[in-house]
Amino acid sequence: MTPPLPDVWRRPPLPTLVAAILLIACAEVGGASMAKFKLELARGARAVMLSRPAVHGLVGVRDADEQIIDEALVKFDAGLRLFHLHAEGMGLVIIATTMTAATLVRSVGARRAIILLLTVGGAAYPFGYLLWSALIPYYGIQTGKAVAEWVVWIPFGGATIVAAWWLVVLVGASLVRRA
Amino acid sequence: MRRPPLVVVFVGLVVIALGETAGALMSQLRPQIAGYARARVAANPQAHGLAGSAEYDAEVTARAVYAAEAGLSFFHTHAQGLGPLVIFAGTVAASTVRWRLARGAVAALLGLGALFPLGYLAYSIAVLERGRDAGIEMAERYVLTPLGSAAIVGLVALAVLMVAGRGRDRDA
């Protein structure tokens with residue numbers, strides 16, 4: 001007979017909590033910096049774009065070029081905002097899900113793997129938006145997005161999704177066993 | 001800290017997992033989702049008030065597709081936020097509310113409220129099938145308002161019960 005599940009939360013490993021707290025702190029700093037340095041960031045991105053006309057398809061006609069630059073700046077800003085938003089959210093998701101795994105997953109191997117995937121995946125994933133923003137002025141919207149996707153979003157976001165559903169299945173199985 | 005009932009934790013986790021998956025799918029399948037939405041609008045011309053004028057219909061379709069995509073985006077963001085919130089608020093309820101019945105009621109309301117983001121999925125589907133305004137009204141009335149109210153009532157009840165419990169402690 002399996003022992004009953006604990007009624008009290010168990011703390012996730014300290015490095016996990018530190019990663020989650022640092023991620024939330026980065027989100028707060030990111031949000032504050034976006035507000036404080038909005039003009040400087042836009043000016044910097046614009047200057048880089050103007051120095052790389054071929055990358056952005058700038059043709060030297062002011063009206064056409066301004067439209068292209070504006071679109072890229074909107075995406076540049078969106079990337080920063082999405083970093084802020086996702087980092088705040090994922091910090092809390094990491095704490096909630098790893099606390100659940102630490103308490104409710106009985107198998108040591110599964111517990112360690114889930115916590116590792118949730119911590120690494122959840123903490124790294126939001127930085128994909130920051131990478132996208134940083135790449136836009138240098139390589140354009142689509143190339144920047146493709147790089148961020150393959151380097152960060154797919155591996156780390158994928159890790160989080162796999163771990164989240166794995167945890168759902170294990171907790172669901174506990175629920176069924178109890179019923 | 002005590003953990004909330006297993007079913008509340010499970011609902012919170014499912015909502016988080018759905019939210020994460022939806023975000024990834026939205027990012028990878030954006031053109032396919034937009035194409036499907038446009039096809040559903042075209043399949044429901046009366047609901048959307050399509051008039052047969054290419055320019056007017058294109059504008060109506062674009063607005064409906066935008067609303068459907070916004071619904072999916074709201075689903076993703078609300079699921080990521082509400083999943084952890086329900087687990088944390090459920091923990092506070094399990095740890096601080098001493099009356100068993102009240103604790104159970106708060107947990108039930110929070111568990112129900114955790115399903116609120118699913119209302120935005122209903123919103124996206126209703127917009128495409130029933131027309132933009134009618135679909136939004138339907139999702140708000142039958143899904144978003146009841147589930148959102150459950151979450152709000154659960155949180156307010158939790159706050160009231162915490163204050164009441166504290167008052168009782170002081171009197172004792």
# chains A, B, ... in the order shown; residues from 1 in each chain; ligands from 1

call {"tool": "select_by_dssp", "arguments": {"residues": "segment 1-51 of chain A", "states": "helix (DSSP H, G or I)", "output": "PyMOL selection string"}}
result
chain A and resi 14-36+38-51

call {"tool": "residues_around", "arguments": {"residues": "Glu66 of chain A", "least_positions_apart": "3", "cutoff": "12 Å", "atoms": "only C-alpha atoms", "output": "CSV table (one decimal) with C-alpha atoms, in the first residue's frame"}}
result
chain,number,residue,atom,x,y,z
A,46,ARG,CA,16.9,52.8,-35.1
A,49,MET,CA,18.8,49.6,-38.5
A,50,LEU,CA,19.9,52.6,-40.5
A,53,PRO,CA,19.9,49.0,-44.8
A,56,HIS,CA,15.9,45.6,-43.4
A,57,GLY,CA,15.2,46.3,-47.1
A,58,LEU,CA,15.6,50.0,-46.8
A,59,VAL,CA,15.6,51.7,-50.2
A,60,GLY,CA,16.6,55.2,-49.4
A,61,VAL,CA,13.1,56.7,-49.9
A,62,ARG,CA,12.2,58.3,-46.6
A,63,ASP,CA,8.4,57.4,-46.7
A,69,ILE,CA,11.6,51.0,-39.5
A,70,ASP,CA,8.4,51.7,-37.6
A,71,GLU,CA,7.3,48.2,-38.0
A,72,ALA,CA,10.6,46.8,-36.8
A,73,LEU,CA,10.5,49.2,-33.8

call {"tool": "interface_residues", "arguments": {"of": "chain B", "to": "chain A", "cutoff": "9 Å", "atoms": "only C-alpha atoms", "output": "PyMOL selection string"}}
result
chain B and resi 1-7+9-11+13-14+16-18+20-21+24+77+80-81+83-85+87-88+91

call {"tool": "atom_distance", "arguments": {"atom1": "atom CA of Gly122 of chain A", "atom2": "atom CA of Ala67 of chain B"}}
result
28.6 Å

call {"tool": "residues_around", "arguments": {"residues": "segment 30-47 of chain B", "least_positions_apart": "3", "cutoff": "7 Å", "atoms": "only C-alpha atoms", "output": "list of chain:residue names"}}
result
B:Met26, B:Ser27, B:Leu50, B:Thr61, B:Val65, B:Leu128, B:Glu129, B:Arg130, B:Gly131

call {"tool": "closest_residue", "arguments": {"among": "A:Leu130, A:Ile136, A:Ile114, A:Ile141", "to": "Phe83 of chain A", "atoms": "only C-alpha atoms"}}
result
A:Leu130

call {"tool": "atom_distance", "arguments": {"atom1": "atom CA of Gly12 of chain B", "atom2": "atom CA of His78 of chain B"}}
result
11.7 Å

call {"tool": "atom_distance", "arguments": {"atom1": "atom CA of Leu116 of chain A", "atom2": "atom CA of Gly128 of chain A"}}
result
18.7 Å

call {"tool": "residues_around", "arguments": {"residues": "Thr96 of chain B", "least_positions_apart": "4", "cutoff": "12 Å", "atoms": "only C-alpha atoms", "output": "list in words"}}
result
Met1, Arg2, Arg3, Pro4, Ala89, Gly90, Thr91, Val92, Arg100, Ala102, Arg103, Val106, Leu158, Ala159, Val160, Leu161, Met162, Val163, Ala164, Gly165, Arg166 and Asp169 of chain B

call {"tool": "residues_around", "arguments": {"residues": "segment 111-123 of chain B", "least_positions_apart": "3", "cutoff": "7 Å", "atoms": "only C-alpha atoms", "output": "count of residues only"}}
result
25

call {"tool": "closest_residue", "arguments": {"among": "A:Phe37, A:Trp150, A:Tyr138, A:Tyr125", "to": "Asp77 of chain A", "atoms": "only C-alpha atoms"}}
result
A:Phe37

call {"tool": "residues_around", "arguments": {"residues": "His84 of chain A", "least_positions_apart": "2", "cutoff": "10 Å", "atoms": "only C-alpha atoms", "output": "PyMOL selection string"}}
result
chain A and resi 23-32+34+78-82+86-89+126-127+129-130

call {"tool": "closest_residue", "arguments": {"among": "B:Val15, B:Val156, B:Ala54, B:Ala64", "to": "Ala134 of chain B", "atoms": "only C-alpha atoms"}}
result
B:Ala64

call {"tool": "closest_residue", "arguments": {"among": "B:Ala157, B:Arg170, B:Ile125, B:Gln28", "to": "Ala105 of chain B", "atoms": "only C-alpha atoms"}}
result
B:Ala157
